[in-house]
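Single-structure report; data block below.
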Amino acid sequence: MSAVIPHHHNLLACPECDLLQRLPPERGRGRVCCRRCGCVLHHAGRDVIVVPLALGITAMVLFILSNAFPLLEFGLQGHRDATYLLAGIRELFAQDRPLLASVVLFTTILAPALHIGLLIYLYLPLALGRRPPGMVAALRLVQAVLPWSMLEIFLLGVLVAGVKLAEQATIEPGPAAWALGLLVIVLAAAATQVHPHRLWDRVA
Amino acid sequence: MTARVDTASAHELLSCHSCGLVSRRPAPVSRLSCPRCGVALHARIPRSLSRTWAWLVAAIMLYVPANLLPIMHVTSFGRTRSDTILSGAEYLVQLGMWPLALIVFVASVLVPVTKIAILVYLLVSVQVRSRYRPLDRLRLYRFTEFVGRWSMVDVFVVTVLVALIHLGRVAEVEAGLGALFFSAVVVLTMLAARTFDPRLIWDNAEPVDVESNAHR
């Protein structure tokens, strides 16, 4: 396995239909799509290191805010209270549903935290001109964790639950709800800005 | 061979699923790794079909208790009401909350059933070497991959209700076993979609003529 495998830097195989294609030398600012299935093969334009780093740092601040402040404020018969992102998970653990609690914990806290942490771990050293240790594993992990980070779906869940209760009690979104709304947008943007292909062209 | 499809695997080339580099398979070796980033190289996801079937069959089996068992129990003023996914949506209709009932019904019933049906169809169509409309089949695959996660919304609604109502101290909400089975169904169908290799759809497709890439 020590022999170098011959490879082709100018060729590209579509990840969704395997069609071999050559990237045009002048790529302009648009996207290059697979000729057969339309899958996006190449994004041009934004910086592959600075943009994901900026989004990662913004996401980190918003993530901390959305965990530190109340998500929903609740008023019923003069009684006022507020709930946090972690409260539901803690309550599920308390109700002896550890597996369900773990699924929710992973998809709303751990996976987003891992996503954000990996963005900073990868792109901060790269922006400073160094290659982080375990870059390959970190790049694969950041791609693998994306579908499991479900904050946007959680936000819809908060909305549904809030509307459901609005007839019986006064429900108001807390500061964390606004932070979560912004975080969902920033994370969605970050998800489209990780381009291992272009990153390797620049780093290797 | 009359006509050959211009794919990487037809040319004995492998593309790295992590960094995208295309390299040549030297000889029939069992394990190869990407010369640029070192990740293991495979022409297709190994044992994609049998693994996808395994996740999918598990999801189908768990979908039964997920629908039959209550997802939550609400106790207020000494009376307990248990709701399954369907009866919960029905209750919302009774209360006149149509938009919410629609969200719950689409995310918890329509999406999982459609997703399971599409994956079964894709697996069967690849196994019988179908040449029928590969692009549309790929679109079905993209649809399931994009939409499948949203089924989790009901589980999150239960989580938020559990936290909120406990605070109010007038009613007690308890998560039911159905919620656990339902979240397992979502996770399993997501795993099934991820182990399915969409390139298998194209392995029996008609050859294409080579032109320049489409710019968009």
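Labels for the structure tokens follow display order: chains A, B, ..., residues from 1 in each chain, ligands from 1.
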(request) Enumerate, as a VMD selection string, the complete set of residues in region 150-210 of chain B that a backbone-based DSSP assignment places in alpha helix (DSSP H). (result) chain B and resid 153 to 168 177 to 195 199 to 202
(message) Please identify all residues of chain A having at least one atom at most 7 Å from any atom of chain B, considering only C-alpha atoms, and return them as a VMD selection string.
(response) chain A and resid 4 to 9 11 to 13 16 to 20 30 to 35 37 76 81 83 87 to 89 91 100 136 140 153 to 154 156 to 158 160 to 161 196 to 197 200
Just the selected residues (N, CA and C atoms), exported as a tab-separated table (two decimals), in the first residue's frame, please.
chain	number	residue	atom	x	y	z
A	4	VAL	N	2.40	4.92	-4.48
A	4	VAL	CA	1.48	6.03	-4.70
A	4	VAL	C	0.46	5.62	-5.76
A	5	ILE	N	-0.82	5.79	-5.42
A	5	ILE	CA	-1.87	5.46	-6.37
A	5	ILE	C	-1.97	6.61	-7.38
A	6	PRO	N	-1.98	6.30	-8.68
A	6	PRO	CA	-2.13	7.38	-9.66
A	6	PRO	C	-3.46	8.09	-9.48
A	7	HIS	N	-3.43	9.42	-9.54
A	7	HIS	CA	-4.69	10.13	-9.38
A	7	HIS	C	-4.77	11.32	-10.34
A	8	HIS	N	-5.95	11.91	-10.41
A	8	HIS	CA	-6.23	12.94	-11.41
A	8	HIS	C	-6.79	14.17	-10.72
A	9	HIS	N	-6.00	15.24	-10.69
A	9	HIS	CA	-6.48	16.44	-10.01
A	9	HIS	C	-7.51	17.20	-10.81
A	11	LEU	N	-9.89	15.79	-12.74
A	11	LEU	CA	-11.13	15.05	-12.96
A	11	LEU	C	-12.00	15.08	-11.72
A	12	LEU	N	-13.30	14.89	-11.94
A	12	LEU	CA	-14.23	14.88	-10.83
A	12	LEU	C	-15.32	13.86	-11.12
A	13	ALA	N	-15.66	13.04	-10.15
A	13	ALA	CA	-16.76	12.10	-10.33
A	13	ALA	C	-17.94	12.61	-9.52
A	16	GLU	N	-23.30	11.85	-6.78
A	16	GLU	CA	-24.63	11.24	-6.79
A	16	GLU	C	-24.88	10.35	-8.00
A	17	CYS	N	-24.10	10.50	-9.10
A	17	CYS	CA	-24.33	9.58	-10.22
A	17	CYS	C	-23.03	9.04	-10.79
A	18	ASP	N	-21.89	9.45	-10.26
A	18	ASP	CA	-20.58	8.88	-10.60
A	18	ASP	C	-20.09	9.28	-12.00
A	19	LEU	N	-20.77	10.19	-12.69
A	19	LEU	CA	-20.33	10.58	-14.02
A	19	LEU	C	-19.00	11.35	-13.91
A	20	LEU	N	-18.03	10.93	-14.74
A	20	LEU	CA	-16.73	11.60	-14.72
A	20	LEU	C	-16.82	12.90	-15.50
A	30	GLY	N	-20.06	31.32	-10.55
A	30	GLY	CA	-21.28	30.53	-10.37
A	30	GLY	C	-21.00	29.16	-9.77
A	31	ARG	N	-21.99	28.30	-9.92
A	31	ARG	CA	-21.82	26.91	-9.49
A	31	ARG	C	-21.63	26.06	-10.73
A	32	VAL	N	-20.93	24.95	-10.58
A	32	VAL	CA	-20.83	23.99	-11.66
A	32	VAL	C	-21.67	22.79	-11.25
A	33	CYS	N	-22.61	22.41	-12.13
A	33	CYS	CA	-23.50	21.31	-11.80
A	33	CYS	C	-23.22	20.11	-12.69
A	34	CYS	N	-23.52	18.92	-12.15
A	34	CYS	CA	-23.34	17.70	-12.93
A	34	CYS	C	-24.24	17.75	-14.16
A	35	ARG	N	-23.66	17.36	-15.31
A	35	ARG	CA	-24.37	17.44	-16.57
A	35	ARG	C	-25.52	16.44	-16.63
A	37	CYS	N	-27.07	14.72	-13.67
A	37	CYS	CA	-28.10	14.70	-12.62
A	37	CYS	C	-28.28	16.06	-11.95
A	76	LEU	N	-49.62	31.81	33.85
A	76	LEU	CA	-50.93	31.16	34.02
A	76	LEU	C	-51.48	31.55	35.39
A	81	ASP	N	-43.40	31.90	34.89
A	81	ASP	CA	-42.21	31.07	34.91
A	81	ASP	C	-41.59	31.05	33.52
A	83	THR	N	-38.86	28.71	30.74
A	83	THR	CA	-38.21	27.43	30.53
A	83	THR	C	-37.02	27.57	29.59
A	87	ALA	N	-34.33	22.26	29.71
A	87	ALA	CA	-35.30	21.83	30.72
A	87	ALA	C	-36.10	20.60	30.29
A	88	GLY	N	-36.51	20.58	29.03
A	88	GLY	CA	-37.31	19.46	28.55
A	88	GLY	C	-36.52	18.16	28.61
A	89	ILE	N	-35.24	18.25	28.25
A	89	ILE	CA	-34.40	17.06	28.27
A	89	ILE	C	-34.23	16.55	29.69
A	91	GLU	N	-36.27	17.00	32.12
A	91	GLU	CA	-37.56	16.45	32.55
A	91	GLU	C	-37.79	15.04	31.98
A	100	LEU	N	-35.11	8.37	25.01
A	100	LEU	CA	-35.75	9.48	24.33
A	100	LEU	C	-35.02	10.79	24.65
A	136	VAL	N	-8.35	15.43	8.63
A	136	VAL	CA	-9.17	14.54	7.80
A	136	VAL	C	-10.38	14.06	8.59
A	140	ARG	N	-14.38	14.96	7.96
A	140	ARG	CA	-15.40	13.93	7.74
A	140	ARG	C	-16.50	14.04	8.78
A	153	ILE	N	-35.69	22.10	13.28
A	153	ILE	CA	-36.89	21.29	13.51
A	153	ILE	C	-37.38	21.49	14.94
A	154	PHE	N	-36.42	21.61	15.87
A	154	PHE	CA	-36.77	21.90	17.26
A	154	PHE	C	-37.52	23.23	17.37
A	156	LEU	N	-39.40	24.60	15.14
A	156	LEU	CA	-40.78	24.37	14.70
A	156	LEU	C	-41.57	23.70	15.82
A	157	GLY	N	-40.91	22.77	16.53
A	157	GLY	CA	-41.56	22.10	17.66
A	157	GLY	C	-41.94	23.09	18.75
A	158	VAL	N	-41.04	24.04	19.05
A	158	VAL	CA	-41.32	25.08	20.05
A	158	VAL	C	-42.54	25.90	19.63
A	160	VAL	N	-45.01	24.99	17.55
A	160	VAL	CA	-46.22	24.18	17.62
A	160	VAL	C	-46.69	24.06	19.07
A	161	ALA	N	-45.75	23.77	19.97
A	161	ALA	CA	-46.11	23.62	21.38
A	161	ALA	C	-46.63	24.93	21.94
A	196	PRO	N	-14.86	20.48	1.25
A	196	PRO	CA	-13.59	19.75	1.41
A	196	PRO	C	-12.78	19.74	0.12
A	197	HIS	N	-13.49	19.63	-1.00
A	197	HIS	CA	-12.82	19.56	-2.28
A	197	HIS	C	-11.95	20.79	-2.54
A	200	TRP	N	-9.05	21.20	0.02
A	200	TRP	CA	-7.87	20.38	-0.25
A	200	TRP	C	-7.06	20.94	-1.40
(message) At a cut-off of 9 Å, using only C-alpha atoms, what residues contact Val145 (chain A)? Leave out same-chain residues fewer than 4 positions from it and give the result as an MDAnalysis selection string.
(response) chainID A and resid 111:112 114:115 140:141 149
(message) As an exercise, work out the distance from CA of Trp178 (chain A) to CA of Leu72 (chain A) in Å and give it to one decimal place.
(response)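 Between CA of Trp178 (chain A) and CA of Leu72 (chain A) the gap is 10.3 Å.
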(request) Rounded to one decimal place, report the CA of Gln143 (chain A)-CA of Leu118 (chain A) distance in Å. (result)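 Interatomic distance, CA of Gln143 (chain A) to CA of Leu118 (chain A): 10.0 Å.
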(request) Using only C-alpha atoms, find the one residue out of A:Leu151, A:Leu122, A:His79, A:Arg36 that sits nearest to Ala137 (chain A). (result)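 Checking each of A:Leu151, A:Leu122, A:His79, A:Arg36 against Ala137 (chain A), counting only C-alpha atoms, the winner is A:Leu122.
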(request) Do a neighbour search on Thr144 (chain B) at 8 Å with only C-alpha atoms, toss out local chain neighbours closer than 3 positions, and write the hits as a list in words. (result)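 The residues satisfying every condition are Lys115, Ile118, Leu119, Leu140, Tyr141, Val147, Gly148 and Ala193 of chain B.
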Pull N, CA and C atoms from the residues just selected and write them as a PDB file, in the first residue's frame.
ATOM      1  N   LYS B 115     -41.453   8.272   2.953  1.00  0.00           N
ATOM      2  CA  LYS B 115     -40.018   8.018   2.940  1.00  0.00           C
ATOM      3  C   LYS B 115     -39.725   6.523   2.891  1.00  0.00           C
ATOM      4  N   ILE B 118     -40.632   5.205  -0.585  1.00  0.00           N
ATOM      5  CA  ILE B 118     -39.668   5.592  -1.613  1.00  0.00           C
ATOM      6  C   ILE B 118     -38.399   4.742  -1.493  1.00  0.00           C
ATOM      7  N   LEU B 119     -37.914   4.558  -0.266  1.00  0.00           N
ATOM      8  CA  LEU B 119     -36.679   3.771  -0.093  1.00  0.00           C
ATOM      9  C   LEU B 119     -36.883   2.321  -0.531  1.00  0.00           C
ATOM     10  N   LEU B 140     -36.252  11.504  -6.170  1.00  0.00           N
ATOM     11  CA  LEU B 140     -36.978  10.897  -5.050  1.00  0.00           C
ATOM     12  C   LEU B 140     -36.032  10.694  -3.872  1.00  0.00           C
ATOM     13  N   TYR B 141     -34.813  10.232  -4.182  1.00  0.00           N
ATOM     14  CA  TYR B 141     -33.829  10.001  -3.125  1.00  0.00           C
ATOM     15  C   TYR B 141     -33.482  11.307  -2.414  1.00  0.00           C
ATOM     16  N   VAL B 147     -36.213  15.633   3.505  1.00  0.00           N
ATOM     17  CA  VAL B 147     -37.445  15.834   4.241  1.00  0.00           C
ATOM     18  C   VAL B 147     -37.542  14.937   5.490  1.00  0.00           C
ATOM     19  N   GLY B 148     -36.775  13.829   5.508  1.00  0.00           N
ATOM     20  CA  GLY B 148     -36.926  12.818   6.550  1.00  0.00           C
ATOM     21  C   GLY B 148     -36.746  13.331   7.966  1.00  0.00           C
ATOM     22  N   ALA B 193     -31.399   6.019   4.619  1.00  0.00           N
ATOM     23  CA  ALA B 193     -31.173   6.920   3.483  1.00  0.00           C
ATOM     24  C   ALA B 193     -29.686   7.189   3.302  1.00  0.00           C
TER      25      ALA B 193
END
(request) Measure the distance from CA of His195 (chain A) to CA of His42 (chain A) in Å and round it to one decimal. (result)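 Between these atoms lies a distance of 8.4 Å.
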(request) Apply DSSP to the backbone of this structure and, from chain A, keep only the residues in strand (DSSP E); write these as a ChimeraX atom specification. (result) /A:7-8,11-13,20-22,31-33,40-43,72-76,79-83,170-173
Atoms kept (N, CA and C atoms) for selection, written as a PDB file, in the first residue's frame:
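What landed in out.pdb:
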ATOM      1  N   HIS A   7      -3.428   9.420  -9.544  1.00  0.00           N
ATOM      2  CA  HIS A   7      -4.692  10.128  -9.384  1.00  0.00           C
ATOM      3  C   HIS A   7      -4.773  11.319 -10.337  1.00  0.00           C
ATOM      4  N   HIS A   8      -5.946  11.911 -10.411  1.00  0.00           N
ATOM      5  CA  HIS A   8      -6.232  12.942 -11.409  1.00  0.00           C
ATOM      6  C   HIS A   8      -6.788  14.165 -10.723  1.00  0.00           C
ATOM      7  N   LEU A  11      -9.892  15.794 -12.741  1.00  0.00           N
ATOM      8  CA  LEU A  11     -11.132  15.048 -12.964  1.00  0.00           C
ATOM      9  C   LEU A  11     -12.004  15.084 -11.720  1.00  0.00           C
ATOM     10  N   LEU A  12     -13.299  14.886 -11.936  1.00  0.00           N
ATOM     11  CA  LEU A  12     -14.231  14.879 -10.829  1.00  0.00           C
ATOM     12  C   LEU A  12     -15.318  13.858 -11.124  1.00  0.00           C
ATOM     13  N   ALA A  13     -15.656  13.038 -10.147  1.00  0.00           N
ATOM     14  CA  ALA A  13     -16.757  12.098 -10.331  1.00  0.00           C
ATOM     15  C   ALA A  13     -17.938  12.612  -9.519  1.00  0.00           C
ATOM     16  N   LEU A  20     -18.030  10.931 -14.736  1.00  0.00           N
ATOM     17  CA  LEU A  20     -16.725  11.599 -14.723  1.00  0.00           C
ATOM     18  C   LEU A  20     -16.816  12.896 -15.503  1.00  0.00           C
ATOM     19  N   GLN A  21     -16.287  13.936 -14.929  1.00  0.00           N
ATOM     20  CA  GLN A  21     -16.340  15.227 -15.606  1.00  0.00           C
ATOM     21  C   GLN A  21     -15.071  16.012 -15.335  1.00  0.00           C
ATOM     22  N   ARG A  22     -14.783  16.929 -16.238  1.00  0.00           N
ATOM     23  CA  ARG A  22     -13.635  17.797 -16.074  1.00  0.00           C
ATOM     24  C   ARG A  22     -14.172  19.177 -15.706  1.00  0.00           C
ATOM     25  N   ARG A  31     -21.992  28.297  -9.917  1.00  0.00           N
ATOM     26  CA  ARG A  31     -21.818  26.913  -9.491  1.00  0.00           C
ATOM     27  C   ARG A  31     -21.626  26.065 -10.727  1.00  0.00           C
ATOM     28  N   VAL A  32     -20.928  24.951 -10.576  1.00  0.00           N
ATOM     29  CA  VAL A  32     -20.830  23.991 -11.659  1.00  0.00           C
ATOM     30  C   VAL A  32     -21.673  22.793 -11.255  1.00  0.00           C
ATOM     31  N   CYS A  33     -22.606  22.410 -12.130  1.00  0.00           N
ATOM     32  CA  CYS A  33     -23.505  21.310 -11.798  1.00  0.00           C
ATOM     33  C   CYS A  33     -23.219  20.107 -12.685  1.00  0.00           C
ATOM     34  N   VAL A  40     -24.698  19.668  -7.462  1.00  0.00           N
ATOM     35  CA  VAL A  40     -23.696  20.740  -7.482  1.00  0.00           C
ATOM     36  C   VAL A  40     -22.303  20.145  -7.265  1.00  0.00           C
ATOM     37  N   LEU A  41     -21.411  20.357  -8.222  1.00  0.00           N
ATOM     38  CA  LEU A  41     -20.065  19.782  -8.140  1.00  0.00           C
ATOM     39  C   LEU A  41     -19.061  20.761  -7.568  1.00  0.00           C
ATOM     40  N   HIS A  42     -19.293  22.044  -7.812  1.00  0.00           N
ATOM     41  CA  HIS A  42     -18.288  23.022  -7.429  1.00  0.00           C
ATOM     42  C   HIS A  42     -18.959  24.359  -7.160  1.00  0.00           C
ATOM     43  N   HIS A  43     -18.639  24.932  -6.010  1.00  0.00           N
ATOM     44  CA  HIS A  43     -19.099  26.285  -5.710  1.00  0.00           C
ATOM     45  C   HIS A  43     -17.931  27.218  -5.923  1.00  0.00           C
ATOM     46  N   LEU A  72     -38.959  30.046  26.456  1.00  0.00           N
ATOM     47  CA  LEU A  72     -40.359  30.471  26.457  1.00  0.00           C
ATOM     48  C   LEU A  72     -40.702  30.988  27.839  1.00  0.00           C
ATOM     49  N   GLU A  73     -41.482  32.079  27.867  1.00  0.00           N
ATOM     50  CA  GLU A  73     -41.967  32.587  29.154  1.00  0.00           C
ATOM     51  C   GLU A  73     -43.434  32.265  29.255  1.00  0.00           C
ATOM     52  N   PHE A  74     -43.822  31.839  30.427  1.00  0.00           N
ATOM     53  CA  PHE A  74     -45.077  31.153  30.615  1.00  0.00           C
ATOM     54  C   PHE A  74     -45.849  31.834  31.728  1.00  0.00           C
ATOM     55  N   GLY A  75     -47.078  32.214  31.465  1.00  0.00           N
ATOM     56  CA  GLY A  75     -47.872  32.832  32.520  1.00  0.00           C
ATOM     57  C   GLY A  75     -49.234  32.176  32.624  1.00  0.00           C
ATOM     58  N   LEU A  76     -49.622  31.805  33.849  1.00  0.00           N
ATOM     59  CA  LEU A  76     -50.927  31.165  34.021  1.00  0.00           C
ATOM     60  C   LEU A  76     -51.477  31.546  35.393  1.00  0.00           C
ATOM     61  N   HIS A  79     -49.337  33.190  37.835  1.00  0.00           N
ATOM     62  CA  HIS A  79     -48.083  32.494  38.076  1.00  0.00           C
ATOM     63  C   HIS A  79     -47.191  32.655  36.846  1.00  0.00           C
ATOM     64  N   ARG A  80     -45.943  33.085  37.036  1.00  0.00           N
ATOM     65  CA  ARG A  80     -45.052  33.288  35.880  1.00  0.00           C
ATOM     66  C   ARG A  80     -43.825  32.408  36.001  1.00  0.00           C
ATOM     67  N   ASP A  81     -43.402  31.903  34.890  1.00  0.00           N
ATOM     68  CA  ASP A  81     -42.209  31.065  34.909  1.00  0.00           C
ATOM     69  C   ASP A  81     -41.589  31.054  33.519  1.00  0.00           C
ATOM     70  N   ALA A  82     -40.403  30.502  33.419  1.00  0.00           N
ATOM     71  CA  ALA A  82     -39.718  30.466  32.126  1.00  0.00           C
ATOM     72  C   ALA A  82     -39.031  29.119  31.972  1.00  0.00           C
ATOM     73  N   THR A  83     -38.864  28.709  30.739  1.00  0.00           N
ATOM     74  CA  THR A  83     -38.208  27.426  30.528  1.00  0.00           C
ATOM     75  C   THR A  83     -37.015  27.570  29.591  1.00  0.00           C
ATOM     76  N   THR A 170     -50.617  32.303  28.820  1.00  0.00           N
ATOM     77  CA  THR A 170     -49.897  33.272  28.002  1.00  0.00           C
ATOM     78  C   THR A 170     -48.479  32.768  27.785  1.00  0.00           C
ATOM     79  N   ILE A 171     -48.133  32.639  26.520  1.00  0.00           N
ATOM     80  CA  ILE A 171     -46.814  32.129  26.163  1.00  0.00           C
ATOM     81  C   ILE A 171     -46.103  33.222  25.390  1.00  0.00           C
ATOM     82  N   GLU A 172     -44.906  33.566  25.840  1.00  0.00           N
ATOM     83  CA  GLU A 172     -44.128  34.544  25.101  1.00  0.00           C
ATOM     84  C   GLU A 172     -42.747  33.985  24.795  1.00  0.00           C
ATOM     85  N   PRO A 173     -42.231  34.274  23.606  1.00  0.00           N
ATOM     86  CA  PRO A 173     -40.872  33.809  23.305  1.00  0.00           C
ATOM     87  C   PRO A 173     -39.863  34.563  24.149  1.00  0.00           C
TER      88      PRO A 173
END
(request) With a distance cut-off of 12 Å and only C-alpha atoms, select the neighbouring residues of Pro52 (chain A), excluding the residue or stretch itself and same-chain residues fewer than 5 positions from it, and output the selection as number ranges by chain. (result) A: 46-47, 57-59, 115-124, 126-127, 142, 186-196, 199
Restricting the output to C-alpha atoms, write the selected residues as a compact mmCIF listing (two decimals), in the first residue's frame.
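Saved file selection15.txt follows:
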# COMPACT_ATOMS: atom_id res chain seq x y z
CA ARG A 46 -16.51 32.85 -1.18
CA ASP A 47 -13.36 32.14 0.74
CA ILE A 57 -17.78 31.99 15.67
CA THR A 58 -21.16 33.72 15.16
CA ALA A 59 -22.90 30.39 15.73
CA HIS A 115 -20.82 21.11 14.42
CA ILE A 116 -19.88 24.55 15.77
CA GLY A 117 -16.85 23.26 17.68
CA LEU A 118 -15.48 21.46 14.64
CA LEU A 119 -15.93 24.54 12.44
CA ILE A 120 -13.76 26.57 14.83
CA TYR A 121 -11.30 23.71 15.42
CA LEU A 122 -10.79 23.28 11.67
CA TYR A 123 -10.87 26.78 10.31
CA LEU A 124 -9.19 28.83 13.06
CA LEU A 126 -6.26 27.09 8.81
CA ALA A 127 -6.94 30.83 8.82
CA VAL A 142 -18.30 17.86 10.33
CA VAL A 186 -26.29 30.88 10.59
CA LEU A 187 -25.94 27.08 10.86
CA ALA A 188 -27.80 26.59 7.58
CA ALA A 189 -25.40 29.02 5.92
CA ALA A 190 -22.41 27.27 7.52
CA ALA A 191 -23.65 23.92 6.21
CA THR A 192 -23.35 25.21 2.64
CA GLN A 193 -19.87 26.66 3.17
CA VAL A 194 -17.87 23.52 3.99
CA HIS A 195 -16.19 22.48 0.73
CA PRO A 196 -13.59 19.75 1.41
CA LEU A 199 -10.20 23.21 0.77
(message) Taking only C-alpha atoms into account, name the residue in B:Ser130, B:Asn204, B:Ser108, B:Ser125 that is nearest to Leu49 (chain B).
(response) B:Ser125
(message) I need the residue nearest Gly178 (chain B) from this list: A:Leu53, A:Arg97, A:Pro147, A:Asn10. Use only C-alpha atoms for the distance.
(response)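 Of all the options, A:Arg97 lies closest to Gly178 (chain B).
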